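Student: Encoded as structure tokens, here's the structure I'll be asking about.
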Amino acid sequence: MIEPTVTMPPKRVRRPPPRRPVRPPEAVRFPVLAVVFVCAACGLVYELELVALASYLIGDSVTQASVVLSVMVFAMGVGSLLAKRLRCRAAVGFGLVEAGLALVGGCSAMVLYAAFAWLGESRYVLVAFSLAIGVLIGAEIPLLMSLIQRAGRSGRAGRQARPRDQDDAAGTVADLFAADYVGALVGGLAFPFLLLPWLGQLTGALVTGAVNAVAGGGLVLWVFRRDLTRRSRALLVAVNVCVLAVLATATVLVGDFEQAARRAVYGDRVRVAVHTDLQEVVVTGGREGPPDLFLDGRLRVAGQDEYRFHEALVHPAMKGTHARVLIVGGGDGLAAREVLRYAGVRAVTVVEIDRGVVRLARTDPALATLNAQAFRDPRVRVVYADAFGWLRDAADRVQERYDVVISDLPDPGITPSTKLYSEEFYGLVARVLTGAGRFAVHAGSAADRPRTYWTVDATLRAAGFATRPYSASGRTPGFAAGPDRADRVSGTGRGPCDWGFLLAAHGGRRPALGLAPDAPRLRSLAADTLAAAARRAERTKGAALPPSTLVHPRYGS
């Protein structure tokens, strides 16, 4: 019997899915290191931009730098811890972190300035941005490490792990941190030398945010695109497009924003607004009234009352020989105007660090009228230099000796001014002052900030001067670039009620307050008012204070 043949169906062989091409670790490492370099540079730009803008808006750069740096470093630690939750989705997590960092960091300057202009307060906004930017920066490196390790594991798949792999991981960490530190160096140098002079604070931050978004999004969407689902890829594309659109729109509108914010801060009577290499200079006022001059938002000259300040500063020092006069600061030309009213003056040297202020004082019709065209007088010589360095060099030239030195500087409570109120600076002044010379110093408010005022007095005495305190008051006193920028500009607070001065001379005998026999007719100053001004200042004296030095500054806002 023949058994039937049974034909079995062919056995289906399950084929393994096609393997994705393995990316060599080098193909991942170099793009990652390049993006780490760019992102580190952007992160440091955000940090420096917050410090610079906070110092400009709030004042006291040491305090603002300490707040920004400490909060940001703390937040970076928090961000590193939070990044653990995103390690399973490191690619999309890194892309979202970079998009958020680009948006927050890029817009931080505009939001901070808007808070100051319209709300009158920016300290809390500063802390919030420092915290947010720090958290996002802190999450970058852990997420990138996860991506590189994942790429490394896929490259080692199918082969036995070697002890060398641990060395590769350590080398990867070293490469990441090296790229991070070098990027921070480049960002730190680019901010003061490229971004600020070319783009300014607001546009510079926006452009930095755009670079940050392109670098972070490009890395994830190109190098790590295989680690993304279709939905994640679409999300990252949409988020980055939105971020770039916001940054581009803000960049286009930044000019209109600055004008609106400036009107909110200074009012509708802004005549001139320029950014010099060192500061923002704004002149306000109508055609008929005298102008007001703001330097970095602080009222430096109040046109209706400036004569009270400058008469009190200059004329007591002119009693005695006054053929050669040195004015430290005074780029507005108003102190020089008072000095030039004496026929016996043969030479006036003005040492001013900012060319833009002097240029405006020469060319702006209202300011030039206010200073009586002082810079056109042939007796006036302007030196554009830092006063400290110039005096140190001038002290070695025997011919540089002055009968009168006038310190027409911003308030000592402003951090950049601190070294010009130090014992070392006054020692340099003593070397260029003749034996019978007199030295007049604006020292801030004696009534509202007596500690600062009497610290200036102690510092002068430590440098070998004998001092005579006095003060002056007016309708808008305290305008001489006091440290309280927000109160002065926005009108949210009360400014100092007086101007404090110190008259100093060599030796142990205090100089007498008075006016020279050839003193011109003054609108606000007389011998009896000087005596009352001295008594008024003396009443604010408290306990003895130590002097301020370069290594131990003792002034504060």
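Residues are named by chain letter and number: chains run A, B, ... in the order of the structure tokens, numbers start at 1 in each chain, and ligands are numbered from 1 in the order shown.
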What lies within 9 Å of A:Ala504 using only C-alpha atoms, ignoring chain neighbours under 6 positions off, as a list of chain:residue names?
Tutor: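 Near neighbours after the sequence-gap exclusion: A:Ala317, A:Gly437, A:Arg438, A:Phe439, A:Ala440, A:Val441, A:Leu460, A:Arg461, A:Phe465, A:Ala466, A:Thr467, A:Arg468, A:Pro469, A:Arg510, A:Pro511.
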Student: For the selection just defined, write its residues with C-alpha atoms to a file, as an mmCIF file, in the first residue's frame.
Tutor:
```cif
data_model
loop_
_atom_site.group_PDB
_atom_site.id
_atom_site.type_symbol
_atom_site.label_atom_id
_atom_site.label_comp_id
_atom_site.auth_asym_id
_atom_site.auth_seq_id
_atom_site.Cartn_x
_atom_site.Cartn_y
_atom_site.Cartn_z
ATOM 1 C CA ALA A 317 38.708 126.435 46.737
ATOM 2 C CA GLY A 437 47.046 124.590 47.255
ATOM 3 C CA ARG A 438 43.426 123.747 48.066
ATOM 4 C CA PHE A 439 41.467 120.646 47.163
ATOM 5 C CA ALA A 440 37.637 120.623 46.889
ATOM 6 C CA VAL A 441 35.772 117.310 46.914
ATOM 7 C CA LEU A 460 41.313 112.643 53.068
ATOM 8 C CA ARG A 461 42.803 113.016 56.535
ATOM 9 C CA PHE A 465 45.050 116.534 54.332
ATOM 10 C CA ALA A 466 43.379 118.802 56.847
ATOM 11 C CA THR A 467 39.689 119.152 56.001
ATOM 12 C CA ARG A 468 36.816 121.562 56.404
ATOM 13 C CA PRO A 469 33.306 120.085 55.871
ATOM 14 C CA ARG A 510 42.127 123.228 58.602
ATOM 15 C CA PRO A 511 41.542 125.557 55.628
#
```
Student: Would you kindly return, as a list of chain:residue names, each protein, DNA or RNA residue with an atom no farther than 8 Å from any atom of A:Arg451, considering only C-alpha atoms and excluding same-chain residues fewer than 3 positions away?
Tutor: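 With the cut-off at 8 Å, the set is A:Trp454, A:Thr455, A:Leu545.
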Student: For stretch 49-59 of chain A, work out the shell of residues within 9 Å, counting only C-alpha atoms and skipping chain neighbours fewer than 4 positions away, then give it as a PyMOL selection string.
Tutor: chain A and resi 44-45+63-69+108-109+112-113+116+121-123+126+129-130+191+201-202+204-205+279+296-297+413-415+483-486+557
Student: Take the residues just selected and output them with N, CA, C and O atoms as a CSV table (one decimal), in the first residue's frame.
Tutor:
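Result went into out-v9.csv, see below:
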```csv
chain,number,residue,atom,x,y,z
A,44,LEU,N,27.5,82.3,29.3
A,44,LEU,CA,28.2,83.3,30.0
A,44,LEU,C,27.8,84.7,29.5
A,44,LEU,O,27.8,85.7,30.3
A,45,VAL,N,27.4,84.9,28.3
A,45,VAL,CA,26.9,86.2,27.8
A,45,VAL,C,25.6,86.5,28.6
A,45,VAL,O,25.5,87.7,29.0
A,63,THR,N,27.5,94.3,44.5
A,63,THR,CA,26.3,93.6,45.0
A,63,THR,C,25.6,92.9,43.9
A,63,THR,O,25.2,91.7,44.1
A,64,GLN,N,25.3,93.6,42.8
A,64,GLN,CA,24.5,92.9,41.7
A,64,GLN,C,25.3,91.7,41.2
A,64,GLN,O,24.7,90.7,40.9
A,65,ALA,N,26.6,91.9,41.0
A,65,ALA,CA,27.4,90.7,40.5
A,65,ALA,C,27.3,89.6,41.5
A,65,ALA,O,27.2,88.4,41.1
A,66,SER,N,27.4,89.9,42.7
A,66,SER,CA,27.4,88.8,43.7
A,66,SER,C,26.0,88.1,43.7
A,66,SER,O,26.0,86.9,43.8
A,67,VAL,N,25.0,88.8,43.6
A,67,VAL,CA,23.6,88.2,43.6
A,67,VAL,C,23.5,87.3,42.4
A,67,VAL,O,23.0,86.2,42.5
A,68,VAL,N,23.8,87.9,41.2
A,68,VAL,CA,23.6,87.1,40.0
A,68,VAL,C,24.5,85.8,40.0
A,68,VAL,O,24.0,84.7,39.7
A,69,LEU,N,25.7,86.0,40.3
A,69,LEU,CA,26.6,84.8,40.3
A,69,LEU,C,26.3,83.7,41.3
A,69,LEU,O,26.2,82.5,41.0
A,108,SER,N,15.8,88.2,28.4
A,108,SER,CA,16.0,88.7,29.8
A,108,SER,C,16.3,90.2,29.9
A,108,SER,O,15.8,90.9,30.8
A,109,ALA,N,17.2,90.7,29.0
A,109,ALA,CA,17.5,92.1,29.1
A,109,ALA,C,16.3,93.0,28.8
A,109,ALA,O,16.1,94.0,29.6
A,112,LEU,N,14.0,92.8,31.9
A,112,LEU,CA,14.5,93.5,33.0
A,112,LEU,C,14.4,95.0,32.9
A,112,LEU,O,14.1,95.7,33.8
A,113,TYR,N,14.7,95.5,31.7
A,113,TYR,CA,14.6,96.9,31.4
A,113,TYR,C,13.2,97.4,31.5
A,113,TYR,O,12.9,98.5,32.0
A,116,PHE,N,12.0,97.8,35.1
A,116,PHE,CA,12.5,99.0,35.7
A,116,PHE,C,11.8,100.2,35.2
A,116,PHE,O,11.4,101.1,35.9
A,121,GLU,N,10.9,98.7,39.6
A,121,GLU,CA,11.6,97.8,40.4
A,121,GLU,C,12.0,96.6,39.6
A,121,GLU,O,11.3,96.1,38.8
A,122,SER,N,13.3,96.2,39.7
A,122,SER,CA,13.8,95.1,38.8
A,122,SER,C,14.6,94.1,39.6
A,122,SER,O,15.2,93.2,39.0
A,123,ARG,N,14.7,94.3,40.9
A,123,ARG,CA,15.6,93.3,41.7
A,123,ARG,C,15.0,91.9,41.7
A,123,ARG,O,15.7,91.0,41.5
A,126,LEU,N,15.5,90.3,38.4
A,126,LEU,CA,16.9,89.9,38.2
A,126,LEU,C,17.1,88.6,38.9
A,126,LEU,O,17.7,87.7,38.3
A,129,PHE,N,15.3,85.7,36.8
A,129,PHE,CA,16.1,85.4,35.6
A,129,PHE,C,17.4,84.6,35.9
A,129,PHE,O,17.7,83.7,35.2
A,130,SER,N,18.1,85.1,36.9
A,130,SER,CA,19.3,84.4,37.3
A,130,SER,C,19.0,82.9,37.7
A,130,SER,O,19.7,82.0,37.3
A,191,PHE,N,31.5,89.5,24.9
A,191,PHE,CA,30.5,90.4,25.5
A,191,PHE,C,31.0,91.8,25.5
A,191,PHE,O,30.3,92.7,25.0
A,201,GLN,N,23.1,96.1,24.7
A,201,GLN,CA,22.7,95.1,25.6
A,201,GLN,C,21.5,94.3,25.1
A,201,GLN,O,21.4,93.1,25.2
A,202,LEU,N,20.5,95.0,24.7
A,202,LEU,CA,19.2,94.4,24.3
A,202,LEU,C,19.4,93.5,23.0
A,202,LEU,O,19.1,92.3,23.1
A,204,GLY,N,22.1,92.5,21.6
A,204,GLY,CA,23.1,91.5,21.9
A,204,GLY,C,22.6,90.3,22.5
A,204,GLY,O,22.9,89.1,22.2
A,205,ALA,N,21.7,90.5,23.5
A,205,ALA,CA,21.1,89.3,24.2
A,205,ALA,C,20.2,88.6,23.3
A,205,ALA,O,20.2,87.3,23.3
A,279,GLN,N,28.9,104.7,28.8
A,279,GLN,CA,27.6,104.9,29.5
A,279,GLN,C,26.5,105.4,28.6
A,279,GLN,O,26.8,105.8,27.4
A,296,ASP,N,23.9,107.3,32.7
A,296,ASP,CA,23.5,106.0,33.1
A,296,ASP,C,22.3,106.1,34.0
A,296,ASP,O,22.1,105.4,35.0
A,297,GLY,N,21.4,107.0,33.6
A,297,GLY,CA,20.1,107.1,34.4
A,297,GLY,C,20.2,107.9,35.6
A,297,GLY,O,19.1,108.2,36.2
A,413,GLY,N,29.2,106.4,46.5
A,413,GLY,CA,28.4,105.2,46.6
A,413,GLY,C,28.3,104.4,45.3
A,413,GLY,O,27.9,103.2,45.4
A,414,ILE,N,28.7,105.0,44.2
A,414,ILE,CA,28.7,104.2,42.9
A,414,ILE,C,30.0,103.5,42.8
A,414,ILE,O,31.0,104.1,42.9
A,415,THR,N,29.9,102.2,42.6
A,415,THR,CA,31.1,101.4,42.6
A,415,THR,C,32.2,101.8,41.7
A,415,THR,O,33.4,101.9,42.1
A,483,PRO,N,23.8,107.4,44.1
A,483,PRO,CA,23.7,106.0,43.8
A,483,PRO,C,22.3,105.5,43.6
A,483,PRO,O,22.1,104.4,43.0
A,484,ASP,N,21.3,106.2,44.0
A,484,ASP,CA,19.9,105.7,44.0
A,484,ASP,C,19.3,106.0,42.6
A,484,ASP,O,18.5,106.9,42.5
A,485,ARG,N,19.7,105.2,41.7
A,485,ARG,CA,19.3,105.5,40.3
A,485,ARG,C,17.8,105.4,40.1
A,485,ARG,O,17.1,106.3,39.5
A,486,ALA,N,17.1,104.4,40.6
A,486,ALA,CA,15.7,104.2,40.4
A,486,ALA,C,14.9,105.3,41.0
A,486,ALA,O,14.0,105.8,40.4
A,557,SER,N,26.1,102.1,48.6
A,557,SER,CA,24.9,102.8,48.3
A,557,SER,C,23.9,102.6,49.4
A,557,SER,O,23.3,103.3,49.9
```
Student: Excluding A:Asp268 and its own-chain neighbours fewer than 6 positions away, which residues fall within 12 Å of it when counting only C-alpha atoms? Please give them as a PyMOL selection string.
Tutor: chain A and resi 259-262+283-286
Student: Residues as selected, N, CA and C atoms, written as a JSON list (two decimals), in the first residue's frame, can you do that?
Tutor:
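The file below, out-v6.json, is the result:
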```
[["chain", "number", "residue", "atom", "x", "y", "z"],
["A", 259, "GLN", "N", 12.79, 103.42, 22.81],
["A", 259, "GLN", "CA", 12.22, 104.76, 22.87],
["A", 259, "GLN", "C", 11.05, 104.83, 23.84],
["A", 260, "ALA", "N", 10.19, 103.80, 23.83],
["A", 260, "ALA", "CA", 9.06, 103.79, 24.75],
["A", 260, "ALA", "C", 9.52, 103.68, 26.19],
["A", 261, "ALA", "N", 10.51, 102.83, 26.44],
["A", 261, "ALA", "CA", 11.03, 102.68, 27.81],
["A", 261, "ALA", "C", 11.73, 103.95, 28.26],
["A", 262, "ARG", "N", 12.42, 104.61, 27.36],
["A", 262, "ARG", "CA", 13.11, 105.85, 27.73],
["A", 262, "ARG", "C", 12.09, 106.94, 28.08],
["A", 283, "VAL", "N", 19.91, 113.81, 27.59],
["A", 283, "VAL", "CA", 19.64, 115.21, 27.89],
["A", 283, "VAL", "C", 18.14, 115.43, 27.74],
["A", 284, "THR", "N", 17.52, 115.97, 28.76],
["A", 284, "THR", "CA", 16.08, 116.26, 28.72],
["A", 284, "THR", "C", 15.85, 117.75, 28.91],
["A", 285, "GLY", "N", 14.64, 118.17, 28.61],
["A", 285, "GLY", "CA", 14.29, 119.57, 28.80],
["A", 285, "GLY", "C", 13.71, 120.18, 27.53],
["A", 286, "GLY", "N", 12.96, 121.24, 27.70],
["A", 286, "GLY", "CA", 12.38, 121.93, 26.56],
["A", 286, "GLY", "C", 13.33, 122.95, 25.97]]
```
Student: Here is a test: counting only C-alpha atoms, which residue of A:Ala516, A:Leu360, A:Ala385, A:Asp448 is nearest to A:Tyr342?
Tutor: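 Comparing A:Ala516, A:Leu360, A:Ala385, A:Asp448 against A:Tyr342, the winner is A:Ala516.
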Student: Could you tell me how far atom CA of A:Gly330 sits from atom CA of A:Leu409, in Å to one decimal place?
Tutor: 7.0 Å
Student: For A:Arg431, please output as a list in words all residues within 9 Å (counting only C-alpha atoms; exclusion window: fewer than 2 positions along the same chain).
Tutor: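 That gives Leu391, Ala394, Ala395, Asp396, Arg401, Tyr426, Gly427, Leu428, Val429, Leu433 and Thr434 of chain A.
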Student: Mind dumping the selected residues with N, CA, C and O atoms as a CSV table (one decimal), in the first residue's frame?
Tutor:
```csv
chain,number,residue,atom,x,y,z
A,391,LEU,N,46.8,110.7,37.0
A,391,LEU,CA,47.4,111.4,38.1
A,391,LEU,C,48.7,110.6,38.5
A,391,LEU,O,49.7,111.3,38.9
A,394,ALA,N,51.2,111.8,36.1
A,394,ALA,CA,51.4,113.3,36.2
A,394,ALA,C,52.3,113.6,37.5
A,394,ALA,O,53.0,114.5,37.5
A,395,ALA,N,52.1,112.7,38.5
A,395,ALA,CA,52.9,113.0,39.7
A,395,ALA,C,54.4,112.9,39.5
A,395,ALA,O,55.2,113.4,40.3
A,396,ASP,N,54.8,112.2,38.5
A,396,ASP,CA,56.2,112.0,38.2
A,396,ASP,C,56.8,113.2,37.4
A,396,ASP,O,58.0,113.2,37.1
A,401,ARG,N,52.1,120.8,38.6
A,401,ARG,CA,51.7,121.2,39.9
A,401,ARG,C,50.5,122.2,39.8
A,401,ARG,O,50.6,123.1,39.0
A,426,TYR,N,43.8,110.1,46.8
A,426,TYR,CA,44.1,111.3,47.4
A,426,TYR,C,45.6,111.6,47.6
A,426,TYR,O,46.1,112.7,47.6
A,427,GLY,N,46.3,110.5,47.8
A,427,GLY,CA,47.8,110.6,47.9
A,427,GLY,C,48.4,111.1,46.6
A,427,GLY,O,49.3,111.9,46.6
A,428,LEU,N,47.8,110.6,45.5
A,428,LEU,CA,48.3,111.1,44.2
A,428,LEU,C,47.9,112.6,44.0
A,428,LEU,O,48.7,113.4,43.4
A,429,VAL,N,46.7,113.0,44.4
A,429,VAL,CA,46.4,114.4,44.4
A,429,VAL,C,47.3,115.3,45.2
A,429,VAL,O,47.7,116.4,44.8
A,433,LEU,N,49.5,118.8,44.0
A,433,LEU,CA,49.0,120.0,44.6
A,433,LEU,C,50.2,120.8,45.2
A,433,LEU,O,51.0,120.3,45.9
A,434,THR,N,50.2,122.1,44.9
A,434,THR,CA,51.2,122.9,45.5
A,434,THR,C,51.1,123.0,47.0
A,434,THR,O,50.1,122.6,47.6
```
Student: Would you return as a ChimeraX atom specification the members of stretch 330-496 of chain A that DSSP assigns to strand (DSSP E or B) on this structure's backbone?
Tutor: /A:347-352,380-384,402-408,433-442,465-472
Student: Using only C-alpha atoms, can you tell me which of A:Ala527, A:Phe375, A:Ala91, A:Trp118 comes closest to A:Arg226?
Tutor: A:Ala91
Student: So what do you get for atom CA of A:His315 versus atom CA of A:Val281, distance-wise?
Tutor: 27.4 Å
Student: Determine which residues of stretch 51-227 of chain A DSSP labels as alpha helix (DSSP H) from the backbone of this structure, then write them out as a PyMOL selection string.
Tutor: chain A and resi 51-57+61-82+90-114+123-138+140-155+164-190+196-218
Student: Give me the residues within 12 Å of A:Val383 as a ChimeraX atom specification, counting only C-alpha atoms and dropping any in the same chain fewer than 6 places off.
Tutor: /A:326-331,348-355,358,375,389-391,394
Student: Would you export the selected residues with C-alpha atoms as an mmCIF file, in the first residue's frame, please?
Tutor:
```cif
data_model
loop_
_atom_site.group_PDB
_atom_site.id
_atom_site.type_symbol
_atom_site.label_atom_id
_atom_site.label_comp_id
_atom_site.auth_asym_id
_atom_site.auth_seq_id
_atom_site.Cartn_x
_atom_site.Cartn_y
_atom_site.Cartn_z
ATOM 1 C CA LEU A 326 42.912 120.832 37.759
ATOM 2 C CA ILE A 327 39.347 119.525 37.455
ATOM 3 C CA VAL A 328 38.898 115.778 37.885
ATOM 4 C CA GLY A 329 35.700 114.778 36.100
ATOM 5 C CA GLY A 330 33.521 117.697 35.102
ATOM 6 C CA GLY A 331 33.003 116.661 31.498
ATOM 7 C CA VAL A 348 42.611 124.755 33.418
ATOM 8 C CA THR A 349 43.096 121.015 32.896
ATOM 9 C CA VAL A 350 39.978 118.852 32.770
ATOM 10 C CA VAL A 351 40.566 115.111 33.134
ATOM 11 C CA GLU A 352 37.475 113.283 31.849
ATOM 12 C CA ILE A 353 37.254 109.605 30.958
ATOM 13 C CA ASP A 354 34.275 109.819 28.589
ATOM 14 C CA ARG A 355 34.816 111.653 25.307
ATOM 15 C CA VAL A 358 32.620 116.373 26.510
ATOM 16 C CA PHE A 375 35.514 124.232 26.288
ATOM 17 C CA GLY A 389 46.150 106.481 35.991
ATOM 18 C CA TRP A 390 46.657 110.005 34.673
ATOM 19 C CA LEU A 391 47.445 111.389 38.130
ATOM 20 C CA ALA A 394 51.434 113.271 36.239
#
```
Student: Would you mind listing what lies within 10 Å of A:Thr452 as a list in words, with only C-alpha atoms counted and same-chain residues fewer than 4 positions away left out?
Tutor: Asp411, Pro412, Gly413, Ala443, Gly444, Ser445, Ala446, Asp448, Val456, Asp457, Ala458, Leu545, Ser548, Arg554, Tyr555, Gly556 and Ser557 of chain A
Student: Measuring atom to atom with only C-alpha atoms, identify which of A:Val78, A:Val111, A:Ala174, A:Ala102 is nearest to A:Val135.
Tutor: A:Val78
